Amino acid sequence: MRLRDFIAALAFGLAVAAPAAAADVTVVGLSSTRASVSINGGAPRWLAVGQRSSEGVLLVAVDRDAATFEIDGKRRVLKMNQAYVASGGGDRGGSVTLKADGRGHFMADGQVNGGTVRFLVDTGATLIALPAADAKRLGLNYAAGERAIAQTAGGPTPAYRVKLDTVRLGDITVHGVDAMVFESGLPFALLGMSFLNRTEMKREGETLVLTKRF
């Protein structure tokens, strides 16, 4: 083997063997041979069995209900909408920048307990508000929560107070967030002050920057 080829082979071997940085992984889709995953809050992508992502996440096996990964050197079994959060990764500070849509609203894709949710940022909402359909998809047992009657544009509706384990938006993750689940009258989730008051909000024109405070 020529010296140049040996060096190239050695460099390749070191690149393969080098440990990857810790990664947060959420399962958003399953098929017979592939899993769709969001890694570190990024856009979902498909991994085939035996395929390793650029972040070092290896899909080992998949079945109808769950997928087995090798993450940070260990095997993890994740079900649909279940997330693995790298140790210490969710508690660091962080920020996210949002752009207003044509109506001046700030919409953002986030995660609740590892499942994806489309939020409208609403500083007028005391708590995060979730439609019942989203809560069911996320596996929340909201009916066990404190029940109330809430007024919506469509009239009064039952609502239930719950505690969310984690809420993530971009690089910001907060834990133990109060929320309300609405049986009807709520077309999409609202990102209310129970999340926002843990951030510093800075608006400049059509841009809103949220920076985690605690």
# chains A, B, ... in the order shown; residues from 1 in each chain; ligands from 1

call {"tool": "residues_around", "arguments": {"residues": "Val25 of chain A", "least_positions_apart": "2", "cutoff": "9 Å", "atoms": "only C-alpha atoms", "output": "CSV table (one decimal) with C-alpha atoms, in the first residue's frame"}}
result
chain,number,residue,atom,x,y,z
A,23,ALA,CA,-27.7,13.5,20.3
A,27,VAL,CA,-39.1,8.9,16.6
A,37,VAL,CA,-36.3,10.5,13.3
A,38,SER,CA,-35.8,14.1,14.4
A,39,ILE,CA,-32.2,14.5,15.7
A,40,ASN,CA,-31.3,17.5,17.9
A,41,GLY,CA,-34.6,19.1,17.0
A,57,VAL,CA,-27.1,7.7,15.5
A,71,ILE,CA,-27.1,6.4,20.6
A,78,LEU,CA,-37.9,4.2,21.3
A,82,GLN,CA,-40.9,8.9,22.1
A,83,ALA,CA,-37.7,10.9,22.6
A,84,TYR,CA,-34.3,10.2,24.0
A,85,VAL,CA,-32.7,13.3,25.4
A,86,ALA,CA,-28.9,13.2,25.8
A,114,GLY,CA,-40.9,14.2,22.7

call {"tool": "residues_around", "arguments": {"residues": "Val112 of chain A", "least_positions_apart": "2", "cutoff": "6 Å", "atoms": "only C-alpha atoms", "output": "list of chain:residue names"}}
result
A:Gly114, A:Gly115, A:Thr166, A:Val167

call {"tool": "select_by_dssp", "arguments": {"residues": "segment 23-199 of chain A", "states": "strand (DSSP E or B)", "output": "ChimeraX atom specification"}}
result
/A:25-30,34-39,45-48,52,58-62,66-71,74-79,83-84,95-100,106-112,115-121,128-131,146-152,155-169,172-182,189-191,199

call {"tool": "atom_distance", "arguments": {"atom1": "atom CA of Phe188 of chain A", "atom2": "atom CA of Gly139 of chain A"}}
result
16.9 Å

call {"tool": "closest_atom_pairs", "arguments": {"of": "segment 89-155 of chain A", "to": "segment 189-209 of chain A", "cutoff": "10 Å", "atoms": "only C-alpha atoms", "output": "CSV"}}
result
residue,atom,partner,partner_atom,distance
A:Gly93,CA,A:Thr199,CA,9.7
A:Gly94,CA,A:Thr199,CA,9.4
A:Ser95,CA,A:Val209,CA,7.0
A:Val96,CA,A:Val209,CA,5.8
A:Thr97,CA,A:Val209,CA,4.5
A:Leu98,CA,A:Leu208,CA,5.1
A:Lys99,CA,A:Thr207,CA,4.8
A:Ala100,CA,A:Glu206,CA,5.2
A:Asp101,CA,A:Glu206,CA,8.3
A:Gly102,CA,A:Glu206,CA,9.7
A:Gly104,CA,A:Glu206,CA,7.3
A:His105,CA,A:Glu206,CA,9.1
A:Phe106,CA,A:Leu208,CA,7.8
A:Met107,CA,A:Leu191,CA,9.2
A:Ala108,CA,A:Leu191,CA,9.1
A:Gly110,CA,A:Leu191,CA,9.5
A:Val117,CA,A:Ala189,CA,7.3
A:Arg118,CA,A:Ala189,CA,6.4
A:Phe119,CA,A:Ala189,CA,4.9
A:Leu120,CA,A:Leu190,CA,4.9
A:Val121,CA,A:Leu191,CA,4.7
A:Asp122,CA,A:Gly192,CA,5.3
A:Thr123,CA,A:Gly192,CA,5.7
A:Gly124,CA,A:Gly192,CA,7.0
A:Ala125,CA,A:Gly192,CA,4.6
A:Thr126,CA,A:Met193,CA,5.0
A:Leu127,CA,A:Gly192,CA,4.7
A:Ile128,CA,A:Gly192,CA,4.4
A:Ala129,CA,A:Leu190,CA,5.0
A:Leu130,CA,A:Ala189,CA,4.6
A:Pro131,CA,A:Ala189,CA,6.2
A:Ala132,CA,A:Ala189,CA,9.7
A:Asp134,CA,A:Ala189,CA,8.0
A:Ala135,CA,A:Ala189,CA,9.8

call {"tool": "select_by_dssp", "arguments": {"residues": "segment 31-196 of chain A", "states": "alpha helix (DSSP H)", "output": "list in words"}}
result
Ala132, Ala133, Asp134, Ala135, Lys136, Arg137, Met193, Ser194, Phe195 and Leu196 of chain A

call {"tool": "atom_distance", "arguments": {"atom1": "atom CA of Leu30 of chain A", "atom2": "atom CA of Trp46 of chain A"}}
result
9.0 Å

call {"tool": "residues_around", "arguments": {"residues": "Thr157 of chain A", "least_positions_apart": "3", "cutoff": "12 Å", "atoms": "only C-alpha atoms", "output": "ChimeraX atom specification"}}
result
/A:131-132,147-154,160,180-186

call {"tool": "write_last_selection", "arguments": {"atoms": "N, CA and C atoms", "output": "PDB file, in the first residue's frame"}}
result
ATOM      1  N   PRO A 131     -55.036  21.368  21.898  1.00  0.00           N
ATOM      2  CA  PRO A 131     -56.282  20.712  21.496  1.00  0.00           C
ATOM      3  C   PRO A 131     -56.269  19.262  21.972  1.00  0.00           C
ATOM      4  N   ALA A 132     -57.441  18.716  22.241  1.00  0.00           N
ATOM      5  CA  ALA A 132     -57.526  17.331  22.710  1.00  0.00           C
ATOM      6  C   ALA A 132     -56.901  16.361  21.713  1.00  0.00           C
ATOM      7  N   ARG A 147     -60.390  19.503  36.155  1.00  0.00           N
ATOM      8  CA  ARG A 147     -61.340  19.869  35.107  1.00  0.00           C
ATOM      9  C   ARG A 147     -61.900  21.269  35.348  1.00  0.00           C
ATOM     10  N   ALA A 148     -62.119  21.983  34.263  1.00  0.00           N
ATOM     11  CA  ALA A 148     -62.719  23.320  34.314  1.00  0.00           C
ATOM     12  C   ALA A 148     -63.538  23.515  33.045  1.00  0.00           C
ATOM     13  N   ILE A 149     -64.285  24.596  33.006  1.00  0.00           N
ATOM     14  CA  ILE A 149     -65.015  24.995  31.801  1.00  0.00           C
ATOM     15  C   ILE A 149     -64.369  26.270  31.277  1.00  0.00           C
ATOM     16  N   ALA A 150     -63.889  26.209  30.040  1.00  0.00           N
ATOM     17  CA  ALA A 150     -63.200  27.348  29.442  1.00  0.00           C
ATOM     18  C   ALA A 150     -64.046  27.960  28.343  1.00  0.00           C
ATOM     19  N   GLN A 151     -63.926  29.264  28.177  1.00  0.00           N
ATOM     20  CA  GLN A 151     -64.637  29.978  27.125  1.00  0.00           C
ATOM     21  C   GLN A 151     -63.757  30.071  25.882  1.00  0.00           C
ATOM     22  N   THR A 152     -64.258  29.633  24.748  1.00  0.00           N
ATOM     23  CA  THR A 152     -63.541  29.737  23.479  1.00  0.00           C
ATOM     24  C   THR A 152     -64.419  30.468  22.477  1.00  0.00           C
ATOM     25  N   ALA A 153     -63.878  30.730  21.310  1.00  0.00           N
ATOM     26  CA  ALA A 153     -64.655  31.408  20.272  1.00  0.00           C
ATOM     27  C   ALA A 153     -65.892  30.611  19.896  1.00  0.00           C
ATOM     28  N   GLY A 154     -65.826  29.292  20.063  1.00  0.00           N
ATOM     29  CA  GLY A 154     -66.959  28.436  19.735  1.00  0.00           C
ATOM     30  C   GLY A 154     -67.892  28.197  20.899  1.00  0.00           C
ATOM     31  N   TYR A 160     -58.834  20.702  30.772  1.00  0.00           N
ATOM     32  CA  TYR A 160     -58.183  19.948  31.840  1.00  0.00           C
ATOM     33  C   TYR A 160     -56.762  20.473  32.040  1.00  0.00           C
ATOM     34  N   MET A 180     -53.098  23.511  29.593  1.00  0.00           N
ATOM     35  CA  MET A 180     -54.519  23.168  29.580  1.00  0.00           C
ATOM     36  C   MET A 180     -54.828  22.432  28.284  1.00  0.00           C
ATOM     37  N   VAL A 181     -55.634  21.391  28.393  1.00  0.00           N
ATOM     38  CA  VAL A 181     -56.103  20.647  27.223  1.00  0.00           C
ATOM     39  C   VAL A 181     -57.570  20.969  27.006  1.00  0.00           C
ATOM     40  N   PHE A 182     -57.912  21.414  25.785  1.00  0.00           N
ATOM     41  CA  PHE A 182     -59.271  21.831  25.451  1.00  0.00           C
ATOM     42  C   PHE A 182     -59.954  20.754  24.618  1.00  0.00           C
ATOM     43  N   GLU A 183     -61.140  20.363  25.043  1.00  0.00           N
ATOM     44  CA  GLU A 183     -61.883  19.339  24.312  1.00  0.00           C
ATOM     45  C   GLU A 183     -62.299  19.821  22.928  1.00  0.00           C
ATOM     46  N   SER A 184     -62.578  21.098  22.775  1.00  0.00           N
ATOM     47  CA  SER A 184     -62.990  21.644  21.477  1.00  0.00           C
ATOM     48  C   SER A 184     -62.703  23.136  21.458  1.00  0.00           C
ATOM     49  N   GLY A 185     -62.877  23.737  20.266  1.00  0.00           N
ATOM     50  CA  GLY A 185     -62.764  25.182  20.130  1.00  0.00           C
ATOM     51  C   GLY A 185     -61.357  25.719  20.003  1.00  0.00           C
ATOM     52  N   LEU A 186     -60.347  24.828  19.927  1.00  0.00           N
ATOM     53  CA  LEU A 186     -58.959  25.275  19.805  1.00  0.00           C
ATOM     54  C   LEU A 186     -58.372  24.643  18.551  1.00  0.00           C
TER      55      LEU A 186
END

call {"tool": "atom_distance", "arguments": {"atom1": "atom CA of Lys74 of chain A", "atom2": "atom CA of Ala48 of chain A"}}
result
18.3 Å

call {"tool": "closest_residue", "arguments": {"among": "A:Ser31, A:Thr26, A:Thr173, A:Gln51", "to": "Asp65 of chain A", "atoms": "only C-alpha atoms"}}
result
A:Ser31

call {"tool": "closest_residue", "arguments": {"among": "A:Asn141, A:Asn113, A:Ser53, A:Thr68", "to": "Leu169 of chain A", "atoms": "only C-alpha atoms"}}
result
A:Asn113

call {"tool": "decode", "arguments": {"residues": "segment 116-164 of chain A", "atoms": "N, CA and C atoms", "output": "PDB file, in the first residue's frame"}}
result
ATOM      1  N   THR A 116     -44.013  15.882  18.343  1.00  0.00           N
ATOM      2  CA  THR A 116     -44.027  17.152  17.620  1.00  0.00           C
ATOM      3  C   THR A 116     -45.368  17.865  17.749  1.00  0.00           C
ATOM      4  N   VAL A 117     -45.302  19.182  17.897  1.00  0.00           N
ATOM      5  CA  VAL A 117     -46.496  20.027  18.036  1.00  0.00           C
ATOM      6  C   VAL A 117     -46.248  21.326  17.285  1.00  0.00           C
ATOM      7  N   ARG A 118     -47.268  21.801  16.585  1.00  0.00           N
ATOM      8  CA  ARG A 118     -47.212  23.096  15.906  1.00  0.00           C
ATOM      9  C   ARG A 118     -47.830  24.139  16.820  1.00  0.00           C
ATOM     10  N   PHE A 119     -47.015  25.148  17.215  1.00  0.00           N
ATOM     11  CA  PHE A 119     -47.455  26.164  18.171  1.00  0.00           C
ATOM     12  C   PHE A 119     -47.685  27.516  17.499  1.00  0.00           C
ATOM     13  N   LEU A 120     -48.632  28.258  18.050  1.00  0.00           N
ATOM     14  CA  LEU A 120     -48.759  29.693  17.823  1.00  0.00           C
ATOM     15  C   LEU A 120     -48.310  30.380  19.101  1.00  0.00           C
ATOM     16  N   VAL A 121     -47.302  31.253  19.010  1.00  0.00           N
ATOM     17  CA  VAL A 121     -46.840  31.988  20.180  1.00  0.00           C
ATOM     18  C   VAL A 121     -47.928  32.974  20.599  1.00  0.00           C
ATOM     19  N   ASP A 122     -48.372  32.881  21.871  1.00  0.00           N
ATOM     20  CA  ASP A 122     -49.480  33.703  22.360  1.00  0.00           C
ATOM     21  C   ASP A 122     -49.152  34.209  23.756  1.00  0.00           C
ATOM     22  N   THR A 123     -48.699  35.464  23.825  1.00  0.00           N
ATOM     23  CA  THR A 123     -48.360  36.044  25.124  1.00  0.00           C
ATOM     24  C   THR A 123     -49.607  36.341  25.953  1.00  0.00           C
ATOM     25  N   GLY A 124     -50.774  36.267  25.342  1.00  0.00           N
ATOM     26  CA  GLY A 124     -52.016  36.484  26.076  1.00  0.00           C
ATOM     27  C   GLY A 124     -52.546  35.235  26.753  1.00  0.00           C
ATOM     28  N   ALA A 125     -51.935  34.096  26.482  1.00  0.00           N
ATOM     29  CA  ALA A 125     -52.352  32.838  27.099  1.00  0.00           C
ATOM     30  C   ALA A 125     -51.512  32.590  28.348  1.00  0.00           C
ATOM     31  N   THR A 126     -52.179  32.380  29.479  1.00  0.00           N
ATOM     32  CA  THR A 126     -51.456  32.165  30.729  1.00  0.00           C
ATOM     33  C   THR A 126     -50.653  30.869  30.690  1.00  0.00           C
ATOM     34  N   LEU A 127     -51.255  29.827  30.103  1.00  0.00           N
ATOM     35  CA  LEU A 127     -50.624  28.513  30.040  1.00  0.00           C
ATOM     36  C   LEU A 127     -50.505  28.055  28.594  1.00  0.00           C
ATOM     37  N   ILE A 128     -49.691  27.046  28.360  1.00  0.00           N
ATOM     38  CA  ILE A 128     -49.733  26.348  27.076  1.00  0.00           C
ATOM     39  C   ILE A 128     -51.121  25.742  26.920  1.00  0.00           C
ATOM     40  N   ALA A 129     -51.703  25.853  25.744  1.00  0.00           N
ATOM     41  CA  ALA A 129     -53.028  25.299  25.470  1.00  0.00           C
ATOM     42  C   ALA A 129     -52.915  24.286  24.337  1.00  0.00           C
ATOM     43  N   LEU A 130     -53.450  23.093  24.566  1.00  0.00           N
ATOM     44  CA  LEU A 130     -53.378  22.018  23.581  1.00  0.00           C
ATOM     45  C   LEU A 130     -54.773  21.554  23.194  1.00  0.00           C
ATOM     46  N   PRO A 131     -55.036  21.368  21.898  1.00  0.00           N
ATOM     47  CA  PRO A 131     -56.282  20.712  21.496  1.00  0.00           C
ATOM     48  C   PRO A 131     -56.269  19.262  21.972  1.00  0.00           C
ATOM     49  N   ALA A 132     -57.441  18.716  22.241  1.00  0.00           N
ATOM     50  CA  ALA A 132     -57.526  17.331  22.710  1.00  0.00           C
ATOM     51  C   ALA A 132     -56.901  16.361  21.713  1.00  0.00           C
ATOM     52  N   ALA A 133     -57.022  16.661  20.415  1.00  0.00           N
ATOM     53  CA  ALA A 133     -56.450  15.764  19.401  1.00  0.00           C
ATOM     54  C   ALA A 133     -54.938  15.656  19.553  1.00  0.00           C
ATOM     55  N   ASP A 134     -54.266  16.800  19.804  1.00  0.00           N
ATOM     56  CA  ASP A 134     -52.824  16.776  20.026  1.00  0.00           C
ATOM     57  C   ASP A 134     -52.493  16.008  21.301  1.00  0.00           C
ATOM     58  N   ALA A 135     -53.273  16.254  22.367  1.00  0.00           N
ATOM     59  CA  ALA A 135     -53.008  15.595  23.641  1.00  0.00           C
ATOM     60  C   ALA A 135     -53.123  14.076  23.513  1.00  0.00           C
ATOM     61  N   LYS A 136     -54.122  13.605  22.768  1.00  0.00           N
ATOM     62  CA  LYS A 136     -54.292  12.166  22.575  1.00  0.00           C
ATOM     63  C   LYS A 136     -53.132  11.592  21.772  1.00  0.00           C
ATOM     64  N   ARG A 137     -52.718  12.307  20.735  1.00  0.00           N
ATOM     65  CA  ARG A 137     -51.593  11.842  19.915  1.00  0.00           C
ATOM     66  C   ARG A 137     -50.313  11.751  20.738  1.00  0.00           C
ATOM     67  N   LEU A 138     -50.166  12.655  21.711  1.00  0.00           N
ATOM     68  CA  LEU A 138     -48.980  12.662  22.558  1.00  0.00           C
ATOM     69  C   LEU A 138     -49.067  11.659  23.697  1.00  0.00           C
ATOM     70  N   GLY A 139     -50.229  11.026  23.854  1.00  0.00           N
ATOM     71  CA  GLY A 139     -50.394  10.038  24.915  1.00  0.00           C
ATOM     72  C   GLY A 139     -50.636  10.632  26.285  1.00  0.00           C
ATOM     73  N   LEU A 140     -51.159  11.868  26.351  1.00  0.00           N
ATOM     74  CA  LEU A 140     -51.417  12.507  27.641  1.00  0.00           C
ATOM     75  C   LEU A 140     -52.734  12.004  28.233  1.00  0.00           C
ATOM     76  N   ASN A 141     -52.710  11.605  29.469  1.00  0.00           N
ATOM     77  CA  ASN A 141     -53.933  11.201  30.177  1.00  0.00           C
ATOM     78  C   ASN A 141     -54.569  12.450  30.786  1.00  0.00           C
ATOM     79  N   TYR A 142     -55.020  13.337  29.915  1.00  0.00           N
ATOM     80  CA  TYR A 142     -55.466  14.649  30.385  1.00  0.00           C
ATOM     81  C   TYR A 142     -56.754  14.586  31.180  1.00  0.00           C
ATOM     82  N   ALA A 143     -57.580  13.554  30.942  1.00  0.00           N
ATOM     83  CA  ALA A 143     -58.857  13.450  31.657  1.00  0.00           C
ATOM     84  C   ALA A 143     -58.648  13.275  33.158  1.00  0.00           C
ATOM     85  N   ALA A 144     -57.427  12.883  33.563  1.00  0.00           N
ATOM     86  CA  ALA A 144     -57.123  12.740  34.983  1.00  0.00           C
ATOM     87  C   ALA A 144     -56.763  14.077  35.623  1.00  0.00           C
ATOM     88  N   GLY A 145     -56.639  15.118  34.803  1.00  0.00           N
ATOM     89  CA  GLY A 145     -56.266  16.422  35.324  1.00  0.00           C
ATOM     90  C   GLY A 145     -57.444  17.176  35.923  1.00  0.00           C
ATOM     91  N   GLU A 146     -57.136  18.310  36.529  1.00  0.00           N
ATOM     92  CA  GLU A 146     -58.177  19.166  37.121  1.00  0.00           C
ATOM     93  C   GLU A 146     -59.079  19.714  36.028  1.00  0.00           C
ATOM     94  N   ARG A 147     -60.390  19.503  36.155  1.00  0.00           N
ATOM     95  CA  ARG A 147     -61.340  19.869  35.107  1.00  0.00           C
ATOM     96  C   ARG A 147     -61.900  21.269  35.348  1.00  0.00           C
ATOM     97  N   ALA A 148     -62.119  21.983  34.263  1.00  0.00           N
ATOM     98  CA  ALA A 148     -62.719  23.320  34.314  1.00  0.00           C
ATOM     99  C   ALA A 148     -63.538  23.515  33.045  1.00  0.00           C
ATOM    100  N   ILE A 149     -64.285  24.596  33.006  1.00  0.00           N
ATOM    101  CA  ILE A 149     -65.015  24.995  31.801  1.00  0.00           C
ATOM    102  C   ILE A 149     -64.369  26.270  31.277  1.00  0.00           C
ATOM    103  N   ALA A 150     -63.889  26.209  30.040  1.00  0.00           N
ATOM    104  CA  ALA A 150     -63.200  27.348  29.442  1.00  0.00           C
ATOM    105  C   ALA A 150     -64.046  27.960  28.343  1.00  0.00           C
ATOM    106  N   GLN A 151     -63.926  29.264  28.177  1.00  0.00           N
ATOM    107  CA  GLN A 151     -64.637  29.978  27.125  1.00  0.00           C
ATOM    108  C   GLN A 151     -63.757  30.071  25.882  1.00  0.00           C
ATOM    109  N   THR A 152     -64.258  29.633  24.748  1.00  0.00           N
ATOM    110  CA  THR A 152     -63.541  29.737  23.479  1.00  0.00           C
ATOM    111  C   THR A 152     -64.419  30.468  22.477  1.00  0.00           C
ATOM    112  N   ALA A 153     -63.878  30.730  21.310  1.00  0.00           N
ATOM    113  CA  ALA A 153     -64.655  31.408  20.272  1.00  0.00           C
ATOM    114  C   ALA A 153     -65.892  30.611  19.896  1.00  0.00           C
ATOM    115  N   GLY A 154     -65.826  29.292  20.063  1.00  0.00           N
ATOM    116  CA  GLY A 154     -66.959  28.436  19.735  1.00  0.00           C
ATOM    117  C   GLY A 154     -67.892  28.197  20.899  1.00  0.00           C
ATOM    118  N   GLY A 155     -67.639  28.866  22.048  1.00  0.00           N
ATOM    119  CA  GLY A 155     -68.475  28.680  23.221  1.00  0.00           C
ATOM    120  C   GLY A 155     -67.746  27.937  24.317  1.00  0.00           C
ATOM    121  N   PRO A 156     -68.423  27.626  25.416  1.00  0.00           N
ATOM    122  CA  PRO A 156     -67.787  26.940  26.537  1.00  0.00           C
ATOM    123  C   PRO A 156     -67.411  25.504  26.177  1.00  0.00           C
ATOM    124  N   THR A 157     -66.302  25.041  26.729  1.00  0.00           N
ATOM    125  CA  THR A 157     -65.839  23.680  26.470  1.00  0.00           C
ATOM    126  C   THR A 157     -65.101  23.157  27.688  1.00  0.00           C
ATOM    127  N   PRO A 158     -65.164  21.857  27.961  1.00  0.00           N
ATOM    128  CA  PRO A 158     -64.368  21.299  29.060  1.00  0.00           C
ATOM    129  C   PRO A 158     -62.878  21.448  28.778  1.00  0.00           C
ATOM    130  N   ALA A 159     -62.113  21.740  29.821  1.00  0.00           N
ATOM    131  CA  ALA A 159     -60.658  21.863  29.715  1.00  0.00           C
ATOM    132  C   ALA A 159     -60.046  21.210  30.945  1.00  0.00           C
ATOM    133  N   TYR A 160     -58.834  20.702  30.772  1.00  0.00           N
ATOM    134  CA  TYR A 160     -58.183  19.948  31.840  1.00  0.00           C
ATOM    135  C   TYR A 160     -56.762  20.473  32.040  1.00  0.00           C
ATOM    136  N   ARG A 161     -56.422  20.715  33.297  1.00  0.00           N
ATOM    137  CA  ARG A 161     -55.075  21.210  33.600  1.00  0.00           C
ATOM    138  C   ARG A 161     -54.129  20.027  33.759  1.00  0.00           C
ATOM    139  N   VAL A 162     -52.984  20.095  33.081  1.00  0.00           N
ATOM    140  CA  VAL A 162     -51.999  19.018  33.116  1.00  0.00           C
ATOM    141  C   VAL A 162     -50.609  19.607  33.315  1.00  0.00           C
ATOM    142  N   LYS A 163     -49.663  18.738  33.638  1.00  0.00           N
ATOM    143  CA  LYS A 163     -48.256  19.128  33.753  1.00  0.00           C
ATOM    144  C   LYS A 163     -47.483  18.386  32.667  1.00  0.00           C
ATOM    145  N   LEU A 164     -46.798  19.129  31.806  1.00  0.00           N
ATOM    146  CA  LEU A 164     -46.010  18.543  30.729  1.00  0.00           C
ATOM    147  C   LEU A 164     -44.586  18.292  31.215  1.00  0.00           C
TER     148      LEU A 164
END
